[in-house]
file data_31.cif (mmCIF, C-alpha atoms)
data_upload
loop_
_atom_site.label_atom_id
_atom_site.label_comp_id
_atom_site.auth_asym_id
_atom_site.auth_seq_id
_atom_site.Cartn_x
_atom_site.Cartn_y
_atom_site.Cartn_z
CA MET G 1 -18.05 -13.45 16.92
CA ARG G 2 -14.46 -14.48 16.22
CA THR G 3 -15.62 -17.80 14.80
CA LEU G 4 -18.02 -16.03 12.42
CA LYS G 5 -15.28 -13.60 11.41
CA GLN G 6 -12.99 -16.51 10.51
CA PHE G 7 -15.73 -18.51 8.77
CA LEU G 8 -17.23 -15.72 6.65
CA PRO G 9 -14.28 -15.05 4.27
CA GLY G 10 -13.97 -18.76 3.51
CA ALA G 11 -17.71 -19.07 2.90
CA LEU G 12 -17.71 -16.05 0.58
CA CYS G 13 -14.73 -17.43 -1.30
CA ALA G 14 -16.47 -20.79 -1.72
CA LEU G 15 -19.55 -19.06 -3.11
CA THR G 16 -17.56 -17.10 -5.66
CA VAL G 17 -14.95 -19.64 -6.72
CA LEU G 18 -16.77 -20.40 -9.99
CA ALA G 19 -16.66 -16.74 -10.91
CA GLY G 20 -12.89 -16.64 -10.35
CA ALA G 21 -13.13 -13.97 -7.65
CA CYS G 22 -10.99 -15.75 -5.05
CA LYS G 23 -7.33 -14.87 -4.70
CA GLU G 24 -4.57 -17.43 -4.59
CA GLU G 25 -5.93 -20.43 -2.76
CA GLY G 26 -3.90 -21.49 0.23
CA ARG G 27 -2.25 -18.14 0.96
CA ASP G 28 -1.84 -17.61 4.68
CA VAL G 29 -1.99 -13.81 4.93
CA LEU G 30 -3.59 -11.25 7.23
CA PHE G 31 -5.39 -9.51 4.33
CA GLU G 32 -5.47 -9.42 0.54
CA GLU G 33 -3.11 -6.60 -0.31
CA ASP G 34 -3.71 -6.29 -4.07
CA GLY G 35 -4.51 -2.71 -5.13
CA THR G 36 -4.08 0.81 -3.81
CA TRP G 37 -3.64 1.94 -0.21
CA SER G 38 -3.48 5.49 1.11
CA LEU G 39 -1.52 6.65 4.14
CA PHE G 40 -4.07 7.57 6.80
CA GLN G 41 -1.97 8.21 9.94
CA TYR G 42 1.70 7.86 10.84
CA ASP G 43 4.16 7.79 13.75
CA ILE G 44 7.65 8.84 12.71
CA ASP G 45 8.88 10.11 16.08
CA GLY G 46 7.59 7.56 18.61
CA LYS G 47 4.87 9.87 19.95
CA GLY G 48 1.92 7.89 18.59
CA LEU G 49 -0.13 7.87 15.40
CA VAL G 50 -1.20 11.27 14.05
CA PRO G 51 -3.26 12.26 11.00
CA PHE G 52 -2.06 14.73 8.39
CA ASP G 53 -2.17 18.31 9.63
CA THR G 54 -3.35 19.68 6.30
CA ALA G 55 -5.89 18.37 3.78
CA SER G 56 -3.47 18.94 0.87
CA ARG G 57 -1.44 15.87 1.98
CA VAL G 58 -4.39 13.48 2.27
CA ASP G 59 -4.31 10.74 -0.42
CA LYS G 60 -0.91 11.99 -1.63
CA PHE G 61 1.23 9.27 0.00
CA LEU G 62 0.22 5.97 -1.58
CA ILE G 63 1.25 2.37 -2.07
CA HIS G 64 0.03 -0.02 -4.76
CA PHE G 65 0.48 -3.79 -4.61
CA ASP G 66 0.60 -5.96 -7.70
CA MET G 67 0.13 -9.29 -5.95
CA GLU G 68 0.67 -11.39 -9.07
CA ALA G 69 4.02 -9.76 -9.90
CA GLY G 70 5.15 -9.43 -6.27
CA VAL G 71 5.78 -5.70 -6.75
CA VAL G 72 4.81 -2.75 -4.59
CA ALA G 73 4.99 0.77 -6.02
CA THR G 74 5.02 3.82 -3.77
CA ALA G 75 4.14 7.43 -4.56
CA SER G 76 5.02 10.50 -2.48
CA CYS G 77 3.73 13.89 -3.58
CA LEU G 78 6.30 16.46 -4.62
CA ASP G 79 5.83 20.14 -3.95
CA SER G 80 7.07 23.22 -5.79
CA MET G 81 10.28 23.08 -3.69
CA ASP G 82 10.88 19.36 -4.53
CA ARG G 83 10.00 18.23 -0.98
CA THR G 84 8.33 14.88 -0.23
CA ASP G 85 8.39 15.17 3.57
CA LEU G 86 5.17 13.95 5.28
CA THR G 87 5.16 16.96 7.58
CA GLN G 88 6.34 19.70 5.19
CA ALA G 89 5.43 18.92 1.58
CA LEU G 90 2.81 21.29 0.24
CA CYS G 91 1.68 18.84 -2.46
CA ASP G 92 0.99 21.91 -4.56
CA VAL G 93 2.06 20.47 -7.93
CA ASP G 94 0.71 17.37 -9.62
CA LYS G 95 3.98 15.37 -9.46
CA PHE G 96 5.05 12.33 -7.47
CA GLU G 97 8.28 10.64 -6.47
CA CYS G 98 8.12 6.91 -7.12
CA ARG G 99 9.93 4.00 -5.47
CA CYS G 100 9.61 0.35 -6.41
CA PHE G 101 10.04 -2.77 -4.30
CA THR G 102 9.64 -6.48 -4.72
CA TYR G 103 7.93 -8.15 -1.80
CA THR G 104 6.95 -11.42 -0.23
CA TYR G 105 4.09 -11.86 2.22
CA GLU G 106 3.13 -14.57 4.66
CA LYS G 107 0.86 -14.39 7.72
CA SER G 108 1.43 -10.92 9.21
CA LEU G 109 4.90 -10.24 7.78
CA MET G 110 5.94 -8.70 4.48
CA THR G 111 9.49 -8.41 3.29
CA TRP G 112 10.17 -5.46 0.96
CA THR G 113 13.33 -5.37 -1.16
CA ASP G 114 14.37 -2.18 -2.93
CA ALA G 115 14.07 -2.81 -6.68
CA ALA G 116 16.50 -0.01 -7.57
CA PRO G 117 19.11 0.38 -4.82
CA GLU G 118 21.12 3.61 -4.94
CA SER G 119 24.35 1.78 -4.18
CA GLY G 120 25.45 -1.77 -3.45
CA ASP G 121 23.14 -4.68 -2.74
CA PRO G 122 19.39 -4.18 -2.52
CA LYS G 123 18.23 -3.51 1.03
CA THR G 124 15.49 -5.72 2.48
CA THR G 125 13.09 -4.51 5.18
CA PRO G 126 10.80 -6.78 7.21
CA VAL G 127 7.40 -5.07 7.63
CA LYS G 128 5.12 -6.28 10.43
CA LEU G 129 1.37 -5.97 9.79
CA GLU G 130 -1.53 -5.58 12.20
CA GLU G 131 -5.25 -5.15 11.71
CA TYR G 132 -6.29 -1.76 13.09
CA PRO G 133 -9.40 -1.89 15.28
CA GLY G 134 -12.33 0.42 14.62
CA TYR G 135 -11.70 0.92 10.90
CA ASN G 136 -12.52 -1.25 7.87
CA SER G 137 -9.71 -2.21 5.47
CA THR G 138 -7.12 -0.43 7.62
CA TYR G 139 -3.77 -1.96 8.58
CA LEU G 140 -0.70 -0.87 10.52
CA PHE G 141 2.66 -1.34 8.76
CA GLN G 142 5.81 -1.22 10.92
CA PRO G 143 8.29 -0.02 9.69
CA LEU G 144 8.61 0.87 6.01
CA PRO G 145 11.97 0.88 4.19
CA GLU G 146 14.31 3.64 5.29
CA ALA G 147 13.51 7.13 3.95
CA LEU G 148 10.17 6.02 2.48
CA PHE G 149 7.51 8.37 3.89
CA ASN G 150 10.10 9.66 6.46
CA SER G 151 10.68 6.11 7.79
CA ASP G 152 13.67 5.45 10.00
CA GLY G 153 13.57 1.86 8.78
CA THR G 154 13.23 0.44 12.30
CA SER G 155 10.41 1.83 14.46
CA SER G 156 8.24 4.11 12.31
CA LYS G 157 4.57 3.11 11.99
CA TYR G 158 2.11 3.74 9.18
CA LEU G 159 -1.63 3.23 9.01
CA PHE G 160 -2.94 2.54 5.49
CA GLN G 161 -6.52 2.29 4.20
CA ALA G 162 -7.65 0.61 0.98
CA ARG G 163 -8.56 3.00 -1.85
CA GLY G 164 -9.59 2.81 -5.49
CA ASP G 165 -6.85 2.15 -8.04
CA SER G 166 -7.71 5.30 -10.03
CA LEU G 167 -6.15 7.33 -7.19
CA PHE G 168 -2.77 5.68 -7.74
CA ALA G 169 -2.98 5.65 -11.55
CA GLN G 170 -2.65 9.45 -11.69
CA THR G 171 0.79 9.34 -9.98
CA GLY G 172 2.59 7.78 -12.96
CA CYS G 173 4.32 5.33 -10.60
CA LEU G 174 2.66 2.24 -12.11
CA ASP G 175 4.69 2.79 -15.31
CA VAL G 176 7.87 3.57 -13.36
CA CYS G 177 7.57 0.27 -11.48
CA GLY G 178 6.53 -1.76 -14.54
CA ILE G 179 3.02 -2.49 -13.32
CA THR G 180 0.42 -2.88 -16.04
CA PRO G 181 -2.96 -1.59 -14.85
CA GLU G 182 -5.99 -3.83 -15.21
CA PRO G 183 -7.89 -2.94 -18.41
CA GLU G 184 -11.26 -1.28 -17.96
CA PRO G 185 -14.09 -3.75 -18.60
CA GLU G 186 -15.86 -3.43 -21.93
CA PRO G 187 -19.36 -1.97 -21.67
CA ASP G 188 -22.12 -4.56 -21.99
CA PRO G 189 -23.93 -3.82 -25.32
CA ALA G 190 -27.08 -5.52 -23.98
CA LYS G 191 -27.58 -2.79 -21.41
#
call {"tool": "encode", "arguments": {"input": "data_31.cif", "output": "structure tokens"}}
result
Amino acid sequence: MRTLKQFLPGALCALTVLAGACKEEGRDVLFEEDGTWSLFQYDIDGKGLVPFDTASRVDKFLIHFDMEAGVVATASCLDSMDRTDLTQALCDVDKFECRCFTYTYEKSLMTWTDAAPESGDPKTTPVKLEEYPGYNSTYLFQPLPEALFNSDGTSSKYLFQARGDSLFAQTGCLDVCGITPEPEPEPDPAK
């Protein structure tokens, strides 16, 4: 099964190369990160991964990768008391706190660098990646930059699942981070 799993992406890429659907040829990465990812579960205290304890926080802590620009934008919901805490924010207003990072990615390691440091030199955080068994398009990130989604910057773990880009577009963080969204395709007049 492992051989088929390794062969299939290459075969699909070969079939679609004429259509331009393949990503950068020759990239040695665990997965194609481009697009929007939603926080699914997290471990901020070393007790193991846990899901959100309230539905109001689901799909309110997001990351969006612009692979071509090497930029990752993050969005954390704000609540009516200006909280963005994963365990306390009510996410009861339609506002988000944005952070922007540049990143590099090879094999199963990303390096995120704060694009707007609060003071001094930009801080760089190595982020280890793992495929998460039992779920499609779900990956474990460990850690995230300090203070992002309650991260301690060293041991916190985050499980993200791929989502549609329209979910991230509503946060306003694409503009904040200078990411230009892909234009909607023109309708086909023949149909």
call {"tool": "closest_residue", "arguments": {"input": "data_31.cif", "among": "G:Ser56, G:Thr125, G:Ser156, G:Ser166", "to": "Leu78 of chain G", "atoms": "all atoms listed in the file"}}
result
G:Ser56
call {"tool": "atom_distance", "arguments": {"input": "data_31.cif", "atom1": "atom CA of Leu62 of chain G", "atom2": "atom CA of Gly26 of chain G"}}
result
27.8 Å
call {"tool": "resolve_selection", "arguments": {"input": "data_31.cif", "expression": "the PyMOL selection byres ((chain G and resi 111-115) around 12)", "output": "PyMOL selection string"}}
result
chain G and resi 65+70-74+98-110+116-129+141-148+153+176-178
call {"tool": "residues_near_point", "arguments": {"input": "data_31.cif", "point": "(-1.6, 6.1, 10.1)", "cutoff": "12 Å", "atoms": "only C-alpha atoms", "output": "PyMOL selection string"}}
result
chain G and resi 37-44+48-52+58-59+61-62+86+130-132+135+138-143+149+156-161
call {"tool": "atom_distance", "arguments": {"input": "data_31.cif", "atom1": "atom CA of Ser80 of chain G", "atom2": "atom CA of Ala169 of chain G"}}
result
21.0 Å
call {"tool": "atom_distance", "arguments": {"input": "data_31.cif", "atom1": "atom CA of Arg57 of chain G", "atom2": "atom CA of Leu90 of chain G"}}
result
7.1 Å
call {"tool": "residues_near_point", "arguments": {"input": "data_31.cif", "point": "(5.8, 19.7, 5.0)", "cutoff": "10 Å", "atoms": "only C-alpha atoms", "output": "JSON, numbers by chain"}}
result
{"G": [52, 53, 54, 57, 79, 83, 84, 85, 86, 87, 88, 89, 90, 91]}
